[in-house]
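Before any comments, here is the structure.
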Amino acid sequence: MTRVTTERDAAPRVEPLRPHHDRAAFDCGVEPLDRYFRSQAGQDARRNLAAPFVLVLSNGTVAGYYTLSATAVPLPELPPEIVRKLPRYPLVPATLLGRLAVDRRLRGRGFGRFLLADALFRSVRSEIASFAVIVEAKDDEARRFYERESFLPFPDQPRRLFRPMADVAALFG
């Protein structure tokens, strides 16, 4: 994992979103991601639509967040070289990394990679079957971030990317 430094050099922790986390102060600079975190993330958690996780610094500041949920991918959307290795089911199960954001005041400290590593670890250790982790990049900068982390684009959807779970499992031994 990436070494993360904070003002107090205490280890940040990732935990499930709870009511005591201050969501109002969070500002990643991307309005839909900020709006989701401030007003929808808690509701999605209560309704079991998404599992939001927050990166909390030693002073209680929420440095970032991500969400995980179940999804399925139509087999024809995957690259042919991947499809050849899969059973001919119409849909294959996957884990959706629906959102990932870091407060813009805390960028450049490795928090994005830290959150991604935590999300991948939680995904691979789950006992629920999943072929891959899927992301939908909001813009080209986010797409490049995921590509640097070995995510592969869907053939006809360059901002929709995936990383096979076998590849993720290899990261964590």
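Ligands are numbered from 1 in the order shown, residues from 1 within each chain, and chains are lettered A, B, ... in the order they appear in the structure tokens.
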Backbone-only DSSP, helix (DSSP H, G or I) members of chain A, as a ChimeraX atom specification: /A:31-46,75-77,80-83,104-106,111-125,140-148,165-171
Near A:Pro12, counting only C-alpha atoms, which residues have an atom at most 7 Å away, once you skip same-chain residues fewer than 3 positions from it, shown as a compact mmCIF listing (two decimals) with N, CA and C atoms, in the first residue's frame?
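What ended up in selection.txt:
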# COMPACT_ATOMS: atom_id res chain seq x y z
N LEU A 55 -12.33 7.67 4.72
CA LEU A 55 -10.96 7.74 5.20
C LEU A 55 -10.93 8.85 6.23
N VAL A 56 -10.66 8.48 7.48
CA VAL A 56 -10.69 9.43 8.59
C VAL A 56 -9.28 9.67 9.09
N LEU A 57 -8.91 10.95 9.20
CA LEU A 57 -7.60 11.31 9.73
C LEU A 57 -7.64 11.32 11.26
N SER A 58 -6.49 11.44 11.89
CA SER A 58 -6.41 11.38 13.35
C SER A 58 -7.23 12.48 14.04
Length of the atom CA of A:Ala170 to atom CA of A:Val124 vector [Å]: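 So the answer is 9.7 Å.
Rounded to one decimal, atom CA of A:Arg163 and atom CA of A:Phe37 lie 24.6 Å from each other.
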Nearby residues (only C-alpha atoms) at most 10 Å from A:Arg23, same-chain spacing under 4 positions excluded, as a ChimeraX atom specification: /A:17-19,27,34-35,37-39,41-42,54,61-62,64
Taking N, CA and C atoms for each residue, export the selection above as a short mmCIF file (atom, residue, chain, number, x, y, z; two decimals), in the first residue's frame.
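Printed below is out.cif as written:
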data_model
loop_
_atom_site.label_atom_id
_atom_site.label_comp_id
_atom_site.auth_asym_id
_atom_site.auth_seq_id
_atom_site.Cartn_x
_atom_site.Cartn_y
_atom_site.Cartn_z
N LEU A 17 -19.17 4.47 6.72
CA LEU A 17 -19.77 5.77 7.00
C LEU A 17 -20.76 5.64 8.14
N ARG A 18 -20.68 6.54 9.11
CA ARG A 18 -21.58 6.59 10.26
C ARG A 18 -22.12 8.01 10.41
N PRO A 19 -23.22 8.16 11.15
CA PRO A 19 -23.80 9.50 11.31
C PRO A 19 -22.86 10.54 11.91
N ASP A 27 -15.17 18.51 0.55
CA ASP A 27 -15.22 19.21 -0.74
C ASP A 27 -14.16 18.64 -1.67
N ASP A 34 -19.64 15.53 -4.37
CA ASP A 34 -19.89 16.21 -3.09
C ASP A 34 -21.35 16.09 -2.69
N ARG A 35 -22.25 16.33 -3.63
CA ARG A 35 -23.68 16.26 -3.34
C ARG A 35 -24.08 14.85 -2.89
N PHE A 37 -22.19 12.56 -1.46
CA PHE A 37 -21.66 12.28 -0.13
C PHE A 37 -22.43 13.01 0.96
N ARG A 38 -22.77 14.26 0.71
CA ARG A 38 -23.48 15.05 1.72
C ARG A 38 -24.92 14.62 1.93
N SER A 39 -25.61 14.24 0.84
CA SER A 39 -27.05 14.03 0.98
C SER A 39 -27.57 12.63 0.67
N ALA A 41 -25.35 9.42 0.47
CA ALA A 41 -24.56 8.27 0.90
C ALA A 41 -25.16 7.57 2.11
N GLY A 42 -25.60 8.33 3.10
CA GLY A 42 -26.19 7.74 4.29
C GLY A 42 -27.47 6.98 3.98
N VAL A 54 -15.32 5.71 4.59
CA VAL A 54 -14.64 7.00 4.70
C VAL A 54 -13.23 6.83 5.21
N THR A 61 -11.11 14.42 10.64
CA THR A 61 -11.44 14.94 9.31
C THR A 61 -11.66 13.79 8.34
N VAL A 62 -12.73 13.89 7.55
CA VAL A 62 -12.96 12.92 6.48
C VAL A 62 -12.15 13.38 5.27
N GLY A 64 -11.59 11.44 2.51
CA GLY A 64 -12.10 10.89 1.27
C GLY A 64 -13.11 9.81 1.55
#
